[in-house]
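Step one of this worksheet: look at the structure below.
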Amino acid sequence: MHTPIEYDPRFEILEEDEGDTQAELLDTLHSISDTTFKDTGKPLRSVHAKSHGLLRAEITIPDGLPPVLAQGLFAQPGSYPVVMRLSTTPGDVLADSVSTPRGMSLKVLGVDGARLPGTEGDTTQDFVMVNGPAFMNSGPKQFLGGLKMLAATTDKAPALKKALSAALRSIEKGLEKAGTESAQVKSMGGHPATHPLGETYYSQTPILFGPYIVKVALVPVSVGLTQLHNAPVDLDNPDVLRQVVRDHFAQQGGEWELRVQFNTNIEEMPIEDASIEWPEAVSPYVTVARIVAPPQAGWTESLSNAIDEGMSFSIWHGLAAHRPLGAINRVRKAAYEMSSKARAQRRGAPIVEPASLDGLPF
Ligand code: HEM
């Protein structure tokens, strides 16, 4: 393996007009959840509104990790409870036949250590991931352009979105047959109709890892999960993704590895362009922990009230040793804070960081 490079503040460079872009992003995101709140009365997230799996799990950091891997959360061996939330990207709750990238959020509970600003009283470490190795946009400005178009369609033309998704899925199929793929086509509704538990999830953007810089991935490893890779789901059921997660966890549990990919060359693996996939041939993902979820309900209304409504997942909830890096991550801090604050106001109850799984309903 090439040697991991250490973080240097010179690697982070503000995008032109980053502050203005952030303000516009916040307005646009707020307008999406305003629309869905008016239409449904529900305090939904501005994006990733629909959840498909809500799980209890446990993460274990093994004994004897080599010093380079023993950073932050992974510095000491031990086990912690985890909440997992599977989602898809839109801010409106659509039938699953509008097929978009899948999200996976982890909240590790009971973590000790110096905290990121604003989370000093908490003990959580969150990881927020999507099932592709790189973000669809290089920086916040480019992301804002797409988000504005999406915002204009919130809660509108569901039949058109389904038809468009079917057309885009066949375009994506053609691309994949030809040995390529498109994050853009997938994000617009062309994501293949596949099982969310067979996917590998990626942070797409880098975080600190002690003195180093990494991207993070969650990789399914139990046979029950790996055999779901690219397994088809029946999009005639509008909530099929939730159904297949429930069906899986009614029968069996699941195991994943949490892996990190070190930045070994800042030119080849930039921090400030989130659309560039860091080459795994140069720096492979290496395992730092195992996550085990036992058989369980997988998704219930009461879990949705507690987790979808009562919790917020953000890369800025965590240890200073895992500070998020780069423009996309910088603007995400205020965006996630705004979205969860608006949700708390609309539901008339605070969103608090949990200290344990006690009190989480079934
Ligand atoms: C400028 C870029 C981005 C912005 C402005 C943004 C904004 C947001 C917002 C406002 C939420 C809702 C938060 C809440 O109400 O609790 C959210 C959720 C989410 N985002 Fe992002 N995001 C960005 C980039 C990303 C990237 C790069 C990823 C993954 C690799 C990602 C994955 C997710 C996921 C999985 C959720 C759902 C979190 C949950 O389960 O509660 N986002 N995002």
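Chain labels run A, B, ... following the order of the structure tokens; each chain numbers its residues from 1, and ligands are numbered from 1 in the order shown.
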Item to complete: Return as an MDAnalysis selection string every polymer residue, whether protein, DNA or RNA, with at least one atom no more than 8 Å from an atom of ligand 1; count only C-alpha atoms and all ligand atoms.
Response: chainID A and resid 22 25:26 29 44:49 51 84:89 102:106 128:132 134:135 139:140 143:144 201:205 274 308 311:314 327:329 331:332 335:343
Worksheet item: If you run DSSP on this backbone, which residues of stretch 72-298 of chain A come out as strand (DSSP E), and could you give them as a PyMOL selection string?
Response: chain A and resi 78-88+102-108+125-130+201-202+207-209+212-220+254-262+286-293
Worksheet item: Just asking: which residues within stretch 134-285 of chain A are alpha helix (DSSP H) according to DSSP, as a VMD selection string?
Response: chain A and resid 140 to 152 158 to 177 183 to 187 223 to 226 240 to 251
Worksheet item: So, counting only C-alpha atoms, which residue among A:Gln251, A:Ser165, A:Thr100, A:Gln71 is closest to A:Ala297?
Response: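 Of A:Gln251, A:Ser165, A:Thr100, A:Gln71, the one nearest A:Ala297 is A:Gln251, counting only C-alpha atoms.
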